Amino acid sequence: MRVFTGIQPSGDLHIGNFFGSIKPMIEEQDKNEVFAFIANYHAMTTVNDGEKLKHLTMQAATDFLALGIDPQRSTFWVQSDVKEVLELYWVLSSFTPTGLLERAHSYKDKTARGFTTNHSLFSYPVLMAADILLFSPDIVPVGKDQIQHVEIARDIAIKFNNAYGDVLKIPQYRVDENVATVPGTDGQKMSKSYGNTINIFGEEKQQQKTIKKIVTQNVPMEEPKEYEGCNVYNIAKLFLADKERIALEQRYKQGGEGHGHFKLYLSEVIWEYYAPYRQKREYYARHQDEVRDILHAGAVKAREAAGDIIEKVRSLTGILY
Ligand code: ADP
Ligand code: TRP
């Protein structure tokens with residue numbers, strides 16, 4: 001089964017991203033054929049600085065390799081290395097009613113909030129449809145916010161197929177209800193936009209400082225504490241095996257320790273958990289040429305996989321080639 005995902009290169013990754021999307025994607029590699037790419041063209045809708053976009057793209061590649069995307073088993077590339085996607089994007093534009101795009105939440109939200117919008121934001125879902133339809137995946141795992149985009153891709157594919165026959169595979173999305181929503185330092189959903197994140201690859205001192213800021217209840221040191229609903233515990237349990245988690249629950253229940261102690265423990269747990277990933281990341285950070293080579297090789301594999309669809313599309317639509 002082919003599982004397909006796109007990643008916006010949007011800067012420092014946090015542990016919400018890790019448990020919500022990265023870890024499931026890495027584990028997917030044991031079960032299925034994974035296609036994962038860095039959506040740098042999509043990032044242009046918000047990043048208008050060439051150096052910055054280049055940096056963010058390489059950072060995303062470095063981070064994902066460090067966190068376990070395996071270029072031997074999976075196909076991992078940068079969107080802009082497979083130009084066919086832009087060709088399909090244009091072809092699909094002719095099968096995209098503008099009303100469909102006007103109804104897209106992400107576009108509607110931005111216009112409603114008075115942002116000046118541009119065409120790339122408007123046509124974002126068409127490019128995303130091209131990403132997906134070029135590779136005929138079986139499943140596109142998404143967060144809830146991306147469901148509508150996959151539905152738009154389905155609508156576009158159906159319109160194309162109505163005109164030219166059964167060429168594009170109608171994509172299916174999958175929302176994993178079992179994946180935890182990771183709370184941030186303030187107890188709300190962890191998100192860059194709320195400024196409540198704990199980064200995967202932060203500096204140690206900075207990370208300790210962030211963890212110290214986690215909002216907790218004020219209970220005297222000697223008294224027992226409630227772990228259910230405690231932000232420190234809720235984050236810690238994501239990293240702990242059953243035995244360690246039960247030991248932590250005991251420490252809460254028996255009293256004699258404050259939340260400061262649990263925060264210190266959480267800092268250590270997180271730091272240790274990511275140690276092997278950090279080592280790999282340092283390696284790739286020192287070998288950026290190797291990262292670029294991996295991406296190029298991934299693009300060769302991706303173009304091969306896309307060849308069949310793009311050739312059919314060109315031939316059916318009458319594009320000379
Ligand atoms: P942010 O909210 O920080 O901007 P993104 O929207 O870039 O994060 O999310 C990238 C991926 O990480 C998405 O698949 C999203 O579902 C997942 N994700 C982000 N925050 C969390 C969280 N707090 N808990 C679980 N998954 C999350
Ligand atoms: N829009 C997706 C996001 O913001 C990223 C993305 C681009 C994507 N193309 C895709 C996701 C294709 C899945 C399939 O997260």
# chains A, B, ... in the order shown; residues from 1 in each chain; ligands from 1

$ residues_around --residues "Tyr233 (chain A)" --least-positions-apart "3" --cutoff "10 Å" --atoms "only C-alpha atoms" --output "list in words"
Thr216, Glu226, Tyr227, Glu228, Gly229, Cys230, Ala236, Lys237, Leu238, Arg245, Leu248, Glu249, Tyr252, His259, Phe262, Lys263 and Leu266 of chain A

$ closest_atom_pairs --of "chain A" --to "ligand 2" --cutoff "7 Å" --atoms "only C-alpha atoms and all ligand atoms" --output "CSV"
residue,atom,partner,partner_atom_place_in_ligand_line,distance
A:Phe4,CA,ligand 2,14 (C),6.3
A:Thr5,CA,ligand 2,13 (C),4.3
A:Gly6,CA,ligand 2,8 (C),3.7
A:Ile7,CA,ligand 2,5 (C),5.0
A:Gln8,CA,ligand 2,5 (C),5.2
A:Ala39,CA,ligand 2,7 (C),5.3
A:His42,CA,ligand 2,7 (C),6.3
A:Met128,CA,ligand 2,9 (N),4.3
A:Ala129,CA,ligand 2,12 (C),7.0
A:Asp131,CA,ligand 2,12 (C),5.4
A:Ile132,CA,ligand 2,12 (C),5.4
A:Val140,CA,ligand 2,13 (C),6.2
A:Val142,CA,ligand 2,13 (C),6.5
A:Gln146,CA,ligand 2,1 (N),6.3

$ closest_residue --among "A:Glu177, A:Glu272, A:Asp70, A:Asp186" --to "Val232 (chain A)" --atoms "only C-alpha atoms"
A:Asp186

$ residues_around --residues "Asp308 (chain A)" --least-positions-apart "5" --cutoff "10 Å" --atoms "only C-alpha atoms" --output "list in words"
Leu134, Phe135, Val167, Arg303 and Val313 of chain A

$ write_last_selection --atoms "N, CA and C atoms" --output "mmCIF file, in the first residue's frame"
data_model
loop_
_atom_site.group_PDB
_atom_site.id
_atom_site.type_symbol
_atom_site.label_atom_id
_atom_site.label_comp_id
_atom_site.auth_asym_id
_atom_site.auth_seq_id
_atom_site.Cartn_x
_atom_site.Cartn_y
_atom_site.Cartn_z
ATOM 1 N N LEU A 134 -0.390 12.902 -8.840
ATOM 2 C CA LEU A 134 0.769 12.491 -9.634
ATOM 3 C C LEU A 134 1.283 11.115 -9.189
ATOM 4 N N PHE A 135 1.019 10.747 -7.949
ATOM 5 C CA PHE A 135 1.626 9.526 -7.399
ATOM 6 C C PHE A 135 0.630 8.408 -7.089
ATOM 7 N N VAL A 167 -8.144 7.843 -15.294
ATOM 8 C CA VAL A 167 -6.681 7.994 -15.274
ATOM 9 C C VAL A 167 -6.164 8.262 -13.861
ATOM 10 N N ARG A 303 10.237 10.797 -9.599
ATOM 11 C CA ARG A 303 9.913 11.087 -11.008
ATOM 12 C C ARG A 303 9.581 9.810 -11.760
ATOM 13 N N VAL A 313 -1.371 11.895 -18.989
ATOM 14 C CA VAL A 313 -2.034 13.202 -18.959
ATOM 15 C C VAL A 313 -1.631 14.029 -20.176
#

$ residues_near_ligand --ligand "ligand 1" --cutoff "9 Å" --atoms "only C-alpha atoms and all ligand atoms" --output "ChimeraX atom specification"
/A:7-22,141-146,179-184,188-195,197

$ closest_atom_pairs --of "region 171-208 of chain A" --to "region 62-68 of chain A" --cutoff "12 Å" --atoms "only C-alpha atoms" --output "CSV"
residue,atom,partner,partner_atom,distance
A:Asn199,CA,A:Asp63,CA,11.7
A:Ile200,CA,A:Asp63,CA,9.4
A:Phe201,CA,A:Asp63,CA,8.7

$ write_last_selection --atoms "N, CA, C and O atoms" --output "PDB file, in the first residue's frame"
ATOM      1  N   ASN A 199      10.399  22.374  21.789  1.00  0.00           N
ATOM      2  CA  ASN A 199      10.994  21.934  20.531  1.00  0.00           C
ATOM      3  C   ASN A 199      11.737  20.609  20.690  1.00  0.00           C
ATOM      4  O   ASN A 199      12.243  20.294  21.765  1.00  0.00           O
ATOM      5  N   ILE A 200      11.784  19.866  19.593  1.00  0.00           N
ATOM      6  CA  ILE A 200      12.480  18.573  19.624  1.00  0.00           C
ATOM      7  C   ILE A 200      13.981  18.793  19.743  1.00  0.00           C
ATOM      8  O   ILE A 200      14.659  18.101  20.492  1.00  0.00           O
ATOM      9  N   PHE A 201      14.488  19.757  18.993  1.00  0.00           N
ATOM     10  CA  PHE A 201      15.929  19.968  18.946  1.00  0.00           C
ATOM     11  C   PHE A 201      16.330  21.317  19.540  1.00  0.00           C
ATOM     12  O   PHE A 201      17.135  22.037  18.968  1.00  0.00           O
TER      13      PHE A 201
END

$ closest_residue --among "A:Ser123, A:Thr185, A:Asn161, A:Ser136" --to "Tyr89 (chain A)" --atoms "only C-alpha atoms"
A:Ser123

$ select_by_dssp --residues "region 74-264 of chain A" --states "strand (DSSP E or B)" --output "ChimeraX atom specification"
/A:75-78,139-141,173-174,183,189,199

$ select_by_dssp --residues "region 76-105 of chain A" --states "alpha helix (DSSP H)" --output "list in words"
Glu84, Val85, Leu86, Glu87, Leu88, Tyr89, Trp90, Val91, Leu92, Ser93, Thr98, Gly99, Leu100, Leu101, Glu102 and His105 of chain A

$ write_last_selection --atoms "C-alpha atoms" --output "PDB file, in the first residue's frame"
ATOM      1  CA  GLU A  84       6.095  17.537 -13.324  1.00  0.00           C
ATOM      2  CA  VAL A  85       4.002  18.600 -10.371  1.00  0.00           C
ATOM      3  CA  LEU A  86       3.768  22.126 -11.781  1.00  0.00           C
ATOM      4  CA  GLU A  87       2.736  20.766 -15.149  1.00  0.00           C
ATOM      5  CA  LEU A  88      -0.037  18.686 -13.622  1.00  0.00           C
ATOM      6  CA  TYR A  89      -1.035  21.653 -11.450  1.00  0.00           C
ATOM      7  CA  TRP A  90      -1.728  23.691 -14.548  1.00  0.00           C
ATOM      8  CA  VAL A  91      -3.606  20.909 -16.290  1.00  0.00           C
ATOM      9  CA  LEU A  92      -5.751  20.390 -13.191  1.00  0.00           C
ATOM     10  CA  SER A  93      -6.499  24.102 -12.982  1.00  0.00           C
ATOM     11  CA  THR A  98     -13.246  28.617  -8.817  1.00  0.00           C
ATOM     12  CA  GLY A  99     -16.196  28.139  -6.454  1.00  0.00           C
ATOM     13  CA  LEU A 100     -14.470  25.066  -5.040  1.00  0.00           C
ATOM     14  CA  LEU A 101     -11.441  27.143  -4.098  1.00  0.00           C
ATOM     15  CA  GLU A 102     -13.536  30.019  -2.775  1.00  0.00           C
ATOM     16  CA  HIS A 105     -11.430  27.066   4.766  1.00  0.00           C
TER      17      HIS A 105
END

$ residues_around --residues "Ile156 (chain A)" --least-positions-apart "6" --cutoff "10 Å" --atoms "only C-alpha atoms" --output "ChimeraX atom specification"
/A:92-97,100,125-126,129-130,133,150,162,168,170

$ closest_residue --among "A:Glu304, A:Tyr283, A:Asp242, A:Gln207" --to "Ile270 (chain A)" --atoms "only C-alpha atoms"
A:Gln207

$ decode --residues "region 176-187 of chain A" --atoms "all heavy atoms" --output "compact mmCIF listing (two decimals), in the first residue's frame"
# COMPACT_ATOMS: atom_id res chain seq x y z
N ASP A 176 -6.10 9.75 11.85
CA ASP A 176 -5.85 8.78 12.90
C ASP A 176 -6.36 9.31 14.23
O ASP A 176 -5.76 10.20 14.82
CB ASP A 176 -4.34 8.50 12.95
CG ASP A 176 -4.07 7.22 13.72
OD1 ASP A 176 -4.98 6.79 14.48
OD2 ASP A 176 -2.98 6.66 13.55
N GLU A 177 -7.50 8.74 14.66
CA GLU A 177 -8.12 9.23 15.91
C GLU A 177 -7.30 8.81 17.14
O GLU A 177 -7.46 9.38 18.22
CB GLU A 177 -9.56 8.72 16.04
CG GLU A 177 -10.51 9.17 14.93
CD GLU A 177 -10.85 10.66 14.95
OE1 GLU A 177 -10.53 11.33 15.94
OE2 GLU A 177 -11.40 11.14 13.94
N ASN A 178 -6.46 7.78 16.97
CA ASN A 178 -5.69 7.31 18.13
C ASN A 178 -4.50 8.19 18.47
O ASN A 178 -3.92 8.08 19.54
CB ASN A 178 -5.16 5.89 17.89
CG ASN A 178 -6.29 4.92 17.71
OD1 ASN A 178 -7.32 5.06 18.37
ND2 ASN A 178 -6.13 3.98 16.80
N VAL A 179 -4.13 9.03 17.50
CA VAL A 179 -2.96 9.87 17.74
C VAL A 179 -3.31 10.95 18.77
O VAL A 179 -4.33 11.61 18.68
CB VAL A 179 -2.48 10.50 16.41
CG1 VAL A 179 -1.52 11.63 16.66
CG2 VAL A 179 -1.82 9.43 15.56
N ALA A 180 -2.43 11.07 19.75
CA ALA A 180 -2.70 12.01 20.84
C ALA A 180 -2.58 13.46 20.37
O ALA A 180 -1.78 13.76 19.48
CB ALA A 180 -1.69 11.77 21.95
N THR A 181 -3.42 14.32 20.95
CA THR A 181 -3.19 15.75 20.78
C THR A 181 -2.28 16.17 21.93
O THR A 181 -2.64 16.04 23.10
CB THR A 181 -4.51 16.53 20.85
OG1 THR A 181 -5.33 16.09 19.77
CG2 THR A 181 -4.28 18.03 20.71
N VAL A 182 -1.10 16.62 21.59
CA VAL A 182 -0.12 16.93 22.63
C VAL A 182 -0.41 18.32 23.21
O VAL A 182 -0.54 19.28 22.45
CB VAL A 182 1.30 16.87 22.02
CG1 VAL A 182 2.35 17.22 23.06
CG2 VAL A 182 1.56 15.50 21.42
N PRO A 183 -0.51 18.41 24.53
CA PRO A 183 -0.75 19.72 25.13
C PRO A 183 0.53 20.56 25.17
O PRO A 183 1.63 20.01 25.28
CB PRO A 183 -1.22 19.39 26.55
CG PRO A 183 -0.63 18.06 26.86
CD PRO A 183 -0.45 17.34 25.54
N GLY A 184 0.38 21.85 25.08
CA GLY A 184 1.52 22.75 25.19
C GLY A 184 1.79 23.12 26.64
O GLY A 184 1.13 22.61 27.56
N THR A 185 2.73 24.02 26.84
CA THR A 185 3.14 24.39 28.21
C THR A 185 2.00 25.06 28.98
O THR A 185 2.02 25.10 30.20
CB THR A 185 4.35 25.35 28.17
OG1 THR A 185 4.03 26.43 27.29
CG2 THR A 185 5.61 24.65 27.69
N ASP A 186 0.99 25.57 28.24
CA ASP A 186 -0.15 26.20 28.92
C ASP A 186 -1.37 25.29 28.98
O ASP A 186 -2.44 25.72 29.40
CB ASP A 186 -0.52 27.51 28.20
CG ASP A 186 -0.81 27.27 26.73
OD1 ASP A 186 -0.72 26.09 26.27
OD2 ASP A 186 -1.14 28.23 26.02
N GLY A 187 -1.22 24.06 28.49
CA GLY A 187 -2.34 23.11 28.55
C GLY A 187 -3.23 23.14 27.31
O GLY A 187 -3.98 22.21 27.07
